[in-house]
Amino acid sequence: MTADSTLSVQTEGPWPVPVLPEGFSLGAATAAYQIEGGTRDGGRGPSGWDAFAALPGSILNGDTADVACDHYHRVPEDVALLKDLGVDAYRFSVAWPRIQPEGSGPANAAGLAFYDRLVDDLLAAGIAPMATLYHWDTPLPLEHSGGWLNRATAERFGEFAAVVGDALGDRIDKWVTVNEPATVTLNGYGLGIHAPGKELLFDALPAAHHQLLAHGLAVQALRAASVAGGIGITNVHSPVSPADPSSPADVLYAELFDAVHNRIFADPVLLGRYPQLPGELAGMLDALHAAPQTDLDVISEPLDFYGLNYYAPTRIAAGSGAESSPDGIAAAMAALPFRLADWPEYPTTGFGWPVAPEHFGTALEQMRDRYAGHLPPVYITENGASFPDEVADSGVVQDHRRVDFLARHLHSALEAVKPGGRAEGVDLRGWFAWSLMDNFEWAAGYSQRFGLVHVDFDTLVRTPKASYHWLRGLIRSRPRTP
Ligand code: FCB
């Protein structure tokens, strides 16, 4: 189905119409491992996620990303969808195992050629390419030598950034070095529900430091390659609240979770230091405080922009409890003295995440309060929700809960940063919907649909949803700039 078949899609409703400042950029995002498939094509090497997905029980329903959306073979169709959507920018990621199958050494020409064509097709469609260098697909040989627990992986990543910078640096509009090092650290190395499946709890902290170091080395490598585009990092931010604000234990553990989810990733990048925790928690971040100042100097290289992903807030309660979601059962959490608490007052997405748009404003307010004066322009590099969408017999996908989610979240963010808003001072320049299309949602496999475009994973047919038409309408409603 083509994107122009609007059929009887309803795109107006009770949701607000976001008021877009002049020049505000609207885009859509994806990641290589989640959409490309073609895992054995063009000389691509295996990744840590391929190995993890092959382990029985690691991915819901035993799904794998071997085919995913087959984007590797369908670039023209997918770029046509983006062009018809009318986005200003498209955020994609470059698969490290396509470029360096061994995780080091010279570039694989076929791998580079794939992204070279993608970038040219985007530019021909009038879309600014935003390239993420690391969206979680570590080359397997590097995973085998310790992955992000090994400092050498950061050095290899700097070399990879140089290779891609040399090849695409004249045409990429914006570079994201590393995507959500928090999720890799917590889910991959701390709790074992993402690749590489390690349950190290607080012993996972070196993985955080090495990803941040990798980020800084990549910034230096891209600058040394004289790339034309701006450079930033993407962190996921989740405002954290204590389940019971009158409980000192809940308050203390909420502060700890805020540190390990948000602050240990943002503070070193923006302030050049790791956060200090109060009282009895002080020693928990010792592994990070042991880092030499020379590393922090690299990590805090000035950035052209800061990428912020927002999905949901977090509520923390004292007391242990394993966490269970479509992403897997985080049994290791039971060994911690705190747990994730529910938000009964909010509706939830398909993933079970609370729909709480006002907390998006809180995330931006925290950015202002914590980093004012050090915060470069901000782009929302991901924002979206999963719902169990279906294609109706009429051919329409009426995903009104997603339209409602996206409209309210974008509105909340723009209200927060406008003059007089509670996050005034944050220079918010743009927003990317997660995701252009339904895809392989990591440990949740194909069970969670986040797309503006529905993908039938049996036939790979793409069907734009109501949310696609809503965003298309919003983009077209903007006054034309001369
Ligand atoms: C983010 C990831 C992205 C996707 C969304 C739902 O944490 O960056 O790849 O999985 O969540």
# chains A, B, ... in the order shown; residues from 1 in each chain; ligands from 1
$ residues_around --residues "stretch 366-369 of chain A" --least-positions-apart "5" --cutoff "7 Å" --atoms "only C-alpha atoms" --output "list in words"
Ala423, Gly425 and Val426 of chain A
$ write_last_selection --atoms "C-alpha atoms" --output "short mmCIF file (atom, residue, chain, number, x, y, z; two decimals), in the first residue's frame"
data_model
loop_
_atom_site.label_atom_id
_atom_site.label_comp_id
_atom_site.auth_asym_id
_atom_site.auth_seq_id
_atom_site.Cartn_x
_atom_site.Cartn_y
_atom_site.Cartn_z
CA ALA A 423 11.66 24.60 31.36
CA GLY A 425 15.86 28.26 28.81
CA VAL A 426 16.06 24.84 27.20
#
$ residues_around --residues "A:Gln211" --least-positions-apart "5" --cutoff "7 Å" --atoms "only C-alpha atoms" --output "tab-separated table (two decimals) with C-alpha atoms, in the first residue's frame"
chain	number	residue	atom	x	y	z
A	148	TRP	CA	31.72	-2.55	27.19
A	154	ALA	CA	35.88	2.41	23.56
A	181	PRO	CA	24.13	4.04	27.23
$ residues_around --residues "stretch 214-216 of chain A" --least-positions-apart "2" --cutoff "9 Å" --atoms "only C-alpha atoms" --output "PyMOL selection string"
chain A and resi 151+153-158+176-178+209-212+218-221+232-233+269+295-301
$ write_last_selection --atoms "C-alpha atoms" --output "PDB file, in the first residue's frame"
ATOM      1  CA  ARG A 151      38.103  -0.286  27.899  1.00  0.00           C
ATOM      2  CA  THR A 153      35.996  -1.363  23.073  1.00  0.00           C
ATOM      3  CA  ALA A 154      35.881   2.408  23.556  1.00  0.00           C
ATOM      4  CA  GLU A 155      39.136   2.774  21.586  1.00  0.00           C
ATOM      5  CA  ARG A 156      37.758   0.568  18.798  1.00  0.00           C
ATOM      6  CA  PHE A 157      34.602   2.694  18.698  1.00  0.00           C
ATOM      7  CA  GLY A 158      36.659   5.846  18.194  1.00  0.00           C
ATOM      8  CA  VAL A 176      24.636  10.869  17.461  1.00  0.00           C
ATOM      9  CA  THR A 177      27.582   8.980  18.900  1.00  0.00           C
ATOM     10  CA  VAL A 178      25.965   6.547  21.341  1.00  0.00           C
ATOM     11  CA  HIS A 209      32.048   4.599  31.829  1.00  0.00           C
ATOM     12  CA  HIS A 210      33.420   2.857  28.742  1.00  0.00           C
ATOM     13  CA  GLN A 211      30.402   3.818  26.619  1.00  0.00           C
ATOM     14  CA  LEU A 212      30.792   7.423  27.741  1.00  0.00           C
ATOM     15  CA  ALA A 218      33.965   9.419  18.752  1.00  0.00           C
ATOM     16  CA  VAL A 219      33.409  13.168  19.126  1.00  0.00           C
ATOM     17  CA  GLN A 220      37.164  13.693  18.778  1.00  0.00           C
ATOM     18  CA  ALA A 221      37.376  11.333  15.800  1.00  0.00           C
ATOM     19  CA  GLY A 232      25.778  15.002  20.014  1.00  0.00           C
ATOM     20  CA  ILE A 233      24.877  12.019  22.202  1.00  0.00           C
ATOM     21  CA  VAL A 269      28.905  14.658  29.424  1.00  0.00           C
ATOM     22  CA  ASP A 295      38.770  10.419  30.774  1.00  0.00           C
ATOM     23  CA  LEU A 296      36.259  12.979  32.013  1.00  0.00           C
ATOM     24  CA  ASP A 297      37.916  15.606  29.858  1.00  0.00           C
ATOM     25  CA  VAL A 298      37.299  13.392  26.821  1.00  0.00           C
ATOM     26  CA  ILE A 299      33.736  12.564  27.885  1.00  0.00           C
ATOM     27  CA  SER A 300      32.851  16.243  28.330  1.00  0.00           C
ATOM     28  CA  GLU A 301      34.034  17.434  24.916  1.00  0.00           C
TER      29      GLU A 301
END
$ select_by_dssp --residues "stretch 79-264 of chain A" --states "strand (DSSP E or B)" --output "list in words"
Ala89, Tyr90, Arg91, Phe92, Ser93, Ala128, Pro129, Met130, Ala131, Thr132, Leu133, Tyr134, Pro139, Lys174, Trp175, Val176, Thr177, Val178, Asn179, Gly230, Ile231, Gly232, Ile233, Thr234, Asn235, Val236, Val240, Ser241 and Pro242 of chain A
$ closest_atom_pairs --of "chain A" --to "ligand 1" --cutoff "8 Å" --atoms "only C-alpha atoms and all ligand atoms" --output "CSV"
residue,atom,partner,partner_atom_place_in_ligand_line,distance
A:Thr30,CA,ligand 1,9 (O),7.1
A:Ala31,CA,ligand 1,9 (O),6.1
A:Gln34,CA,ligand 1,9 (O),7.2
A:His135,CA,ligand 1,9 (O),7.0
A:Asn179,CA,ligand 1,8 (O),6.2
A:Glu180,CA,ligand 1,8 (O),6.0
A:Thr183,CA,ligand 1,7 (O),6.5
A:Val236,CA,ligand 1,7 (O),6.9
A:Asn309,CA,ligand 1,1 (C),7.4
A:Tyr311,CA,ligand 1,11 (O),7.6
A:Glu382,CA,ligand 1,8 (O),7.2
A:Gly384,CA,ligand 1,6 (C),7.2
A:Ala385,CA,ligand 1,6 (C),7.2
A:Ser386,CA,ligand 1,6 (C),7.7
A:Trp434,CA,ligand 1,5 (C),6.7
A:Ser435,CA,ligand 1,4 (C),7.9
A:Glu441,CA,ligand 1,10 (O),5.3
A:Trp442,CA,ligand 1,10 (O),6.4
A:Phe450,CA,ligand 1,6 (C),6.9
$ closest_atom_pairs --of "stretch 92-172 of chain A" --to "stretch 41-63 of chain A" --cutoff "9 Å" --atoms "only C-alpha atoms" --output "tab-separated table"
residue	atom	partner	partner_atom	distance
A:Ala95	CA	A:Arg44	CA	8.6
A:Trp96	CA	A:Ser47	CA	8.5
A:Pro97	CA	A:Gly45	CA	5.0
A:Arg98	CA	A:Arg44	CA	4.1
A:Ile99	CA	A:Arg44	CA	7.2
A:Gln100	CA	A:Gly45	CA	7.5
A:Pro101	CA	A:Gly45	CA	4.0
A:Glu102	CA	A:Gly45	CA	6.7
A:Gly103	CA	A:Gly45	CA	8.7
A:Asn108	CA	A:Gly43	CA	7.1
A:Ala109	CA	A:Gly42	CA	8.7
A:Ala110	CA	A:Gly42	CA	5.4
A:Gly111	CA	A:Gly42	CA	6.1
A:Phe114	CA	A:Gly42	CA	8.5
A:Trp136	CA	A:Trp49	CA	7.8
A:Asp137	CA	A:Ser47	CA	5.6
A:Thr138	CA	A:Ser47	CA	5.3
A:Pro139	CA	A:Ser47	CA	4.4
A:Leu140	CA	A:Ser47	CA	4.4
A:Pro141	CA	A:Ser47	CA	8.0
A:Leu142	CA	A:Gly48	CA	8.4
A:Glu143	CA	A:Gly48	CA	6.0
A:His144	CA	A:Gly48	CA	8.4
A:Gly147	CA	A:Gly48	CA	8.7
$ residues_around --residues "stretch 116-131 of chain A" --least-positions-apart "2" --cutoff "6 Å" --atoms "only C-alpha atoms" --output "count of residues only"
13
$ closest_residue --among "A:Arg462, A:Arg74, A:Arg449, A:Arg429" --to "A:Glu22" --atoms "only C-alpha atoms"
A:Arg429
$ residues_around --residues "A:Gly190" --least-positions-apart "2" --cutoff "7 Å" --atoms "only C-alpha atoms" --output "list in words"
Thr185, Leu186, Asn187, Gly188, Gly192, Lys198, Glu199, Leu200, Leu201, Phe202 and Ala204 of chain A
$ write_last_selection --atoms "C-alpha atoms" --output "compact mmCIF listing (two decimals), in the first residue's frame"
# COMPACT_ATOMS: atom_id res chain seq x y z
CA THR A 185 24.28 -0.66 31.04
CA LEU A 186 21.15 -1.39 33.05
CA ASN A 187 19.33 -3.90 30.84
CA GLY A 188 22.34 -5.49 29.11
CA GLY A 192 20.64 -9.45 31.78
CA LYS A 198 24.96 -10.12 32.03
CA GLU A 199 23.44 -9.81 35.52
CA LEU A 200 26.15 -7.76 37.20
CA LEU A 201 23.93 -5.23 39.02
CA PHE A 202 26.22 -2.45 40.29
CA ALA A 204 27.96 -3.15 35.49
$ atom_distance --atom1 "atom CA of A:Leu191" --atom2 "atom CA of A:Val94"
25.9 Å
$ atom_distance --atom1 "atom CA of A:Glu424" --atom2 "atom CA of A:Glu365"
7.8 Å
$ atom_distance --atom1 "atom CA of A:Pro106" --atom2 "atom CA of A:Tyr72"
21.8 Å
$ residues_around --residues "A:Asp438" --least-positions-apart "3" --cutoff "8 Å" --atoms "only C-alpha atoms" --output "PyMOL selection string"
chain A and resi 69+435+446+448-455
$ select_by_dssp --residues "stretch 73-245 of chain A" --states "alpha helix (DSSP H)" --output "ChimeraX atom specification"
/A:75-85,96-99,109-124,140-144,151-168,181-183,205-224
$ closest_residue --among "A:Ser320, A:Ala243, A:Phe360, A:Leu205" --to "A:Ile264" --atoms "only C-alpha atoms"
A:Leu205
